[in-house]
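Enquirer: First the structure, which I've put down as structure tokens, then a few questions once you've had a look.
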Amino acid sequence: MKKLPPVDVVIIGAGWTGLTMAKELATRTGLKILVLERGGPHKTRDYLDSMDELDYAVRLRMMQPIHDETVTFRHTPRDRALPVRQYGSFLPGTGVGGSGEHWSGISYRYYPHDFRRRSHIVENYGTKRVPEDCTVRDWPITYDDLEPYYARAELMMGISGKAGNLNGRKIAGGNIFEGPRRSEYPTPPMKMPHLAALFREAAQSLGYHPFPLPAATTSIPYTNPDGISRAGCSYCGYCERFGCMVGAKAQPTNTLMPVLARRPNFELRTSAHVRRIVVDGAEAQGVQYSDARGEEFLQPAGLVFLASWTINNTRLLLLSGIGEPYDPDTGRGTLGANLTHQVTIPAATVFFERPLNSFMGAGSAGVAIGDFDTLDHSQLDFLTGGALYTVCYGTRPIAYFGTLPPSFRGTSWGSVWKNAAIHYYDRTGLVRFYGEHLAYRANYMDLDPVYKDRWGDPLIRMTLDWCENERRMATYITPRAVDVARAMGAVEATPFPGLKHYDATRYQGTHVQGGTILGANKTDSVVNRYLQHWRVANLFVLGASAFPQNPSGNPTLTAVALTYRTADAVVEKFLQHPGDLAP
Amino acid sequence: MPRRGRRHFLTLSSTALGGLLVYSLDRRPSRVHAQAGAVKVPLRFFTEEEALTIAAAAGRIFPNDESGPGANEAGVVIYIDRQLASAYGRDHYRYTQPPFESGVPEQGWQGKETPRELYRIGLALLAGFLSLTPAEQDARLTQMQHTPFFSLLRTHTIEGMFCDPMHGGNRDLIGWQLLGFPGPRMSYFDEIDQHYGAPFRPKPNSLAQILGHSVEPGEDRET
């Protein structure tokens with residue numbers, strides 16, 4: 001193994017959190033910063049050539065090559081885990097920008113109650129309502145702690161939207177249930193595709209409070225505080241699973257890389273696959289990585305930031321032997337615990353008489369209602385909430401062809417099917433729901449004892465299933481989604497058939513959380529409230545792997561806000577006095 | 001595996017072609033005039049008889065009927081042939097390390113067979129298919145419609161109907177024209193919030209047409 005000259009800081013992963021940290025450190029300090037990214041480079045001009053559904057949305061060119069590495073999955077600790085051989089429930093990206101290149105850009109802040117989730121349940125409904133095997137937590141920080149960092153993340157990305165709560169003043173047309181914001185969104189809401197307009201009117205007629213989805217696709221040309229200018233969205237429909245050809249969708253490559261490229265103290269190395277973090281006692285020494293030709297390198301560094309995707313953060317710590325693996329039988333150990341996804345369901349598939357022109361759109365051009373995010377659960381048989389929403393990604397024909405109303409059940413090929421599928425291709429919409437996923441004792445990650453990656457390292461094993469709370473929430477929301485569908489003028493609607501077992505084959509968003517959760521003390525968490533590893537003070541673990549549970553909304557904005565907060569703590573405190581930031 | 005010996009061609013008459021787009025030996029699409037009569041499309045994976053068999057089956061899944069042209073007019077079998085000849089055909093887009101064990105449906109398909117091997121199995125199931133009447137062909141397909149091969153063939157038929165034509169299917173944008181899908185387009189800024197409730201159907205274009213240059217399709221990449 002070749003030993004390389006040391007750097008001050010090594011960052012593992014060039015996605016949103018890794019490059020946000022790189023930008024903060026590279027512009028605010030003179031430290032030499034090296035980012036290691038195992039994929040290749042991405043540039044905005046390459047995305048013009050990428051408007052091809054087959055290579056990008058079907059063969060998934062922007063995702064981590066599943067031939068080389070995947071996860072194994074089982075429902076319970078008693079089951080045998082098998083590899084997820086084809087992508088299904090989530091789509092982790094690779095290359096510079098990571099999943100932040102192909103994402104949809106829906107950018108929520110979490111609600112104030114999300115940060116005190118356990119206390120909120122106990123105060124309102126009593127300890128008895130918390131299921132026995134549920135490990136729901138309070139975060140060691142509050143919404144107010146994070147508010148300034150949310151604002152910084154929104155300004156950096158140029159999030160479009162409409163405030164529903166400015167300094168406590170409720171504003172119709174925004175999400176009136178949201179926590180108080182100190183400032184309006186940086187850019188106004190996106191334009192409204194037809195399906196979204198139908199949803200908004202229907203929701204209003206039923207007494208709900210629709211608001212435009214907060215979007216990382218800027219609605220108008222925008223220059224952020226770093227001086228980076230981006231174009232407004234053109235609604236081309238090649239958004240989710242694609243990189244943005246005009247740079248309207250905030251991506252690490254068009255928002256952070258232009259700042260970093262000018263810094264002499266920044267270096268990016270692609271095709272650098274980190275296999276271990278090297279630790280001596282309580283101090284990280286650097287990382288070991290493998291390049292495209294398989295040559296191994298030791299990269300010494302004074303400070304290590306682990307900023308890969310949620311599941312890979314946990315896996316790299318497990319492979320490196322840093323921290324105590326979680327054991328669901330004894331409850332001992334913390335690394336790998338509190339694995340959550342998000343209860344993402346097509347609550348009602350809606351069929352219309354008239355066409356929607358839904359090939360136009362963007363990953364976050366849509367409308368949501370927050371009325372179900374703030375339910376009174378005292379008379380309900382579940383504890384959680386979420387949002388009903390609709391979004392027009394752009395109806396890619398391979399993906400969307402063949403969705404038929406209930407009256408065509410059982411027809412999947414031949415003339416009748418073909419005729420009906422052509423008719424309904426542009427007359428079909430979804431009323432979607434994303435809801436909270438609580439953490440449970442038996443949902444966790446560890447290393448798989450059987451299956452290996454291309455380099456011979458064990459795959460990570462996900463043990464994950466829905467519990468009664470999530471199933472009851474889906475059952476509650478489905479008829480309400482059908483009501484919205486009827487008010488939208490649906491000819492027919494297919495209700496979601498019900499949430500049974502976690503299905504690794506159905507795409508549910510790449511919003512996986514947990515495994516390296518943050519907490520107030522080292523006995524029940526992996527990192528402290530600054531995302532600093534409890535046992536290795538010069539190691540920080542960034543991203544949604546720190547979230548103790550999924551709080552219904554999509555995690556990226558919160559992951560970036562937490563990164564800003566960590567950057568402040570590192571620059572203002574740690575670099576002066578290296579050591580525990582939260583002793 | 002792709003045949004290494006005699007080179008196979010799919011012979012298409014000019015009427016089947018609609019007199020328009022065919023594919024030259026160097027894998028670049030080119031327009032030829034229909035006067036040429038029969039046109040030979042080079043095959044990368046199938047023999048001619050295999051190609052005709054798969055084309056016939058795809059033509060029953062997505063038929064040419066009163067609602068418009070189908071899989072054969074769109075060149076679906078050419079799309080499938082190229083996919084199977086590529087890294088996809090030997091399962092480069094799937095985790096293929098053993099052991100292969102059967103699990104619950106939520107763990108996803110665990111089969112050991114590559115797409116190429118599934119087509120070999122399927123072609124055996126389709127023996128004699130070309131001599132059947134359309135009704136008999138439908139009956140044969142109905143018998144096998146729960147097999148992994150049929151499921152893959154159906155998926156590939158949809159992909160071949162609606163992919164960008166650089167992949168060999170959707171010839172002359174037939175699939176997109178059936179749907180009213182315009183293909184890639186630079187901007188809908190002025191249209192996204194207009195045309196509510198009325199069809200907006202711009203003329204379709206392929207990616208090469210809007211870019212003014214061709215793009216290398218994934219199946220032609222060395223992987």
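Each chain of the structure tokens is named A, B, ... in the order shown, its residues numbered from 1; ligands are numbered from 1 in display order.
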Enumerate as a PyMOL selection string all residues of segment 96-180 of chain B assigned to helix (DSSP H, G or I) by DSSP on the backbone, naming them with the chain letters and numbers the document uses.

Expert: chain B and resi 105-107+115-125+129-131+134-143+148-162+165-167+171-179

Enquirer: Please list as a list in words every residue within 8 Å of Thr96 of chain B, counting only C-alpha atoms and excluding residues in the same chain fewer than 4 positions away.

Expert: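 Within the cut-off, the hits are His67 and Arg85 of chain A; Asp91 and Lys112 of chain B.
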
Enquirer: Which residues are near segment 134-138 of chain B? Cut-off 12 Å, only C-alpha atoms, ignore same chain within fewer than 6 positions. Put them as a list of chain:residue names.

Expert: A:Trp413, A:Gly414, A:Ser415, B:Thr53, B:Ile54, B:Ala56, B:Ala57, B:Ala58, B:Gly59, B:Arg60, B:Ile61, B:Phe62, B:Pro63, B:Asn64, B:Leu125, B:Leu126, B:Ala127, B:Gly128, B:Met144, B:Gln145

Enquirer: Ranking A:Gln576, A:Ser229, A:Thr463, A:Gln288 by minimum distance to chain B and counting only C-alpha atoms, which one comes first?

Expert: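 Distance minimum relative to chain B lands on A:Thr463.
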
Enquirer: Please, which residues of chain A lie no more than 7 Å from chain B when the count uses only C-alpha atoms, and can they be set out as a compact mmCIF listing (two decimals) with N, CA and C atoms, in the first residue's frame?

Expert:
# COMPACT_ATOMS: atom_id res chain seq x y z
N ASP A 49 -26.69 15.81 -22.94
CA ASP A 49 -26.74 14.52 -23.64
C ASP A 49 -27.48 13.46 -22.85
N MET A 51 -30.63 13.43 -21.72
CA MET A 51 -32.10 13.41 -21.74
C MET A 51 -32.58 12.14 -22.45
N ASP A 52 -32.23 11.02 -21.86
CA ASP A 52 -32.54 9.72 -22.44
C ASP A 52 -33.07 8.82 -21.34
N GLU A 53 -34.35 8.51 -21.43
CA GLU A 53 -34.98 7.73 -20.36
C GLU A 53 -34.32 6.37 -20.18
N LEU A 54 -33.99 5.70 -21.27
CA LEU A 54 -33.51 4.32 -21.13
C LEU A 54 -32.20 4.27 -20.35
N ASP A 55 -31.19 5.02 -20.80
CA ASP A 55 -29.88 4.90 -20.14
C ASP A 55 -29.88 5.50 -18.74
N ILE A 66 -24.64 -1.32 -9.22
CA ILE A 66 -25.14 -2.38 -8.33
C ILE A 66 -24.45 -3.71 -8.63
N HIS A 67 -23.83 -3.81 -9.78
CA HIS A 67 -23.08 -5.03 -10.08
C HIS A 67 -21.91 -5.20 -9.10
N ASP A 68 -21.37 -4.07 -8.65
CA ASP A 68 -20.19 -4.10 -7.78
C ASP A 68 -20.56 -4.24 -6.30
N GLU A 69 -21.70 -3.67 -5.94
CA GLU A 69 -22.01 -3.57 -4.51
C GLU A 69 -23.50 -3.33 -4.33
N THR A 70 -24.10 -4.00 -3.37
CA THR A 70 -25.51 -3.74 -3.06
C THR A 70 -25.70 -3.90 -1.55
N PHE A 73 -31.02 -7.74 2.41
CA PHE A 73 -32.25 -7.28 3.05
C PHE A 73 -33.05 -8.47 3.57
N LEU A 82 -31.18 -11.67 1.79
CA LEU A 82 -30.74 -11.92 0.43
C LEU A 82 -30.34 -10.60 -0.20
N VAL A 84 -30.23 -7.42 -2.53
CA VAL A 84 -31.11 -6.68 -3.43
C VAL A 84 -30.36 -6.64 -4.76
N ARG A 85 -30.76 -7.51 -5.70
CA ARG A 85 -29.96 -7.71 -6.91
C ARG A 85 -30.20 -6.64 -7.97
N GLN A 86 -31.37 -6.01 -7.93
CA GLN A 86 -31.67 -4.91 -8.85
C GLN A 86 -32.19 -3.75 -8.02
N LYS A 191 -43.76 27.51 -11.18
CA LYS A 191 -45.02 27.53 -11.92
C LYS A 191 -45.80 26.24 -11.64
N MET A 192 -47.08 26.29 -11.93
CA MET A 192 -47.99 25.23 -11.49
C MET A 192 -48.42 24.37 -12.69
N PRO A 193 -47.94 23.13 -12.79
CA PRO A 193 -48.46 22.23 -13.84
C PRO A 193 -49.95 21.95 -13.59
N HIS A 194 -50.62 21.47 -14.64
CA HIS A 194 -52.07 21.31 -14.57
C HIS A 194 -52.49 20.39 -13.42
N SER A 234 -36.66 25.19 -16.55
CA SER A 234 -37.37 25.20 -17.83
C SER A 234 -38.44 24.11 -17.91
N TYR A 235 -38.63 23.35 -16.81
CA TYR A 235 -39.70 22.35 -16.73
C TYR A 235 -39.60 21.30 -17.83
N CYS A 236 -38.36 20.88 -18.16
CA CYS A 236 -38.15 19.97 -19.29
C CYS A 236 -38.61 18.56 -19.00
N ARG A 354 -59.73 14.23 -19.35
CA ARG A 354 -59.00 15.12 -20.24
C ARG A 354 -57.48 14.96 -20.03
N PRO A 355 -56.70 15.26 -21.07
CA PRO A 355 -55.24 15.09 -20.93
C PRO A 355 -54.62 16.13 -20.00
N LEU A 356 -53.47 15.77 -19.46
CA LEU A 356 -52.80 16.61 -18.46
C LEU A 356 -51.52 17.28 -18.97
N ASN A 357 -51.02 16.83 -20.12
CA ASN A 357 -49.71 17.33 -20.62
C ASN A 357 -48.63 17.13 -19.56
N PHE A 359 -46.03 15.39 -19.44
CA PHE A 359 -44.62 15.23 -19.81
C PHE A 359 -43.82 16.47 -19.44
N MET A 360 -44.50 17.59 -19.23
CA MET A 360 -43.81 18.79 -18.75
C MET A 360 -43.72 18.72 -17.23
N PRO A 397 -42.21 8.05 -20.80
CA PRO A 397 -43.16 7.07 -21.35
C PRO A 397 -42.89 5.61 -20.98
N ILE A 398 -41.60 5.22 -20.86
CA ILE A 398 -41.36 3.81 -20.50
C ILE A 398 -41.88 3.54 -19.08
N TRP A 413 -51.40 -7.04 -21.66
CA TRP A 413 -50.81 -7.04 -23.00
C TRP A 413 -51.92 -7.26 -24.02
N GLY A 414 -51.59 -7.05 -25.31
CA GLY A 414 -52.59 -7.24 -26.37
C GLY A 414 -53.32 -5.96 -26.70
N SER A 415 -54.23 -6.05 -27.66
CA SER A 415 -54.88 -4.85 -28.21
C SER A 415 -55.66 -4.02 -27.20
N LYS A 418 -53.19 -2.25 -24.99
CA LYS A 418 -52.46 -1.22 -25.74
C LYS A 418 -53.33 0.02 -25.94
N ASN A 419 -54.57 -0.19 -26.38
CA ASN A 419 -55.48 0.93 -26.61
C ASN A 419 -55.72 1.74 -25.34
N ILE A 422 -52.55 3.61 -24.15
CA ILE A 422 -52.30 4.83 -24.94
C ILE A 422 -53.25 5.94 -24.48
N TYR A 425 -52.23 7.18 -20.87
CA TYR A 425 -50.85 7.61 -20.62
C TYR A 425 -50.80 9.05 -20.11
N TYR A 502 -42.31 -4.37 4.26
CA TYR A 502 -41.40 -3.49 3.51
C TYR A 502 -41.00 -4.20 2.22
N ASP A 503 -41.12 -3.49 1.11
CA ASP A 503 -40.91 -4.08 -0.20
C ASP A 503 -39.68 -3.42 -0.84
N ALA A 504 -38.61 -4.19 -0.94
CA ALA A 504 -37.35 -3.65 -1.49
C ALA A 504 -37.42 -3.46 -3.00
N THR A 505 -38.52 -3.86 -3.63
CA THR A 505 -38.62 -3.72 -5.09
C THR A 505 -39.40 -2.47 -5.51

Enquirer: What does the structure give for the distance between atom CA of Pro221 of chain A and atom CA of Cys392 of chain A, in Å to one decimal?

Expert: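 Interatomic distance, atom CA of Pro221 of chain A to atom CA of Cys392 of chain A: 20.9 Å.
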
Enquirer: Nearest to Trp16 of chain A: which of A:Ser378, A:Gly543, A:Thr330, A:Arg432 is it, counting only C-alpha atoms?

Expert: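 That would be A:Gly543, the residue with the smallest distance to Trp16 of chain A.
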
Enquirer: Enter the distance from atom CA of Gly93 of chain A to atom CA of Gln299 of chain A, in Å, rounded to one decimal.

Expert: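 So the answer is 24.2 Å.
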
Enquirer: For Leu317 of chain A, list every protein, DNA or RNA residue within 10 Å, evaluated using only C-alpha atoms, and leave out those in the same chain fewer than 5 positions away; present the list as JSON, numbers by chain.

Expert: {"A": [275, 276, 277, 306, 312, 322, 323, 324, 325, 335, 336, 515, 516, 541]}

Enquirer: Between atom CA of Gly227 of chain A and atom CA of Pro258 of chain A, what distance in Å does the model show, to one decimal?

Expert: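 Atom-to-atom, atom CA of Gly227 of chain A and atom CA of Pro258 of chain A are spaced 9.6 Å apart.
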
Enquirer: As an NGL selection string, please: all residues of segment 229-441 of chain A that backbone DSSP puts in strand (DSSP E).

Expert: :A and (229-230 or 266-269 or 273-280 or 283-290 or 296-306 or 343-351 or 366-369 or 386-391 or 428-435)

Enquirer: Which residue is closest to Leu459 of chain A? Choose from A:Arg565, A:Asp446, A:Glu283, A:Ala439 and count only C-alpha atoms.

Expert: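 The shortest atom-to-atom distance to Leu459 of chain A comes from A:Asp446.
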
Enquirer: List as a PyMOL selection string the protein and nucleic acid residues near Ala151 of chain A, meaning an atom at most 8 Å away when only C-alpha atoms are counted, but skip any in the same chain fewer than 4 places from it.

Expert: chain A and resi 147+155+183
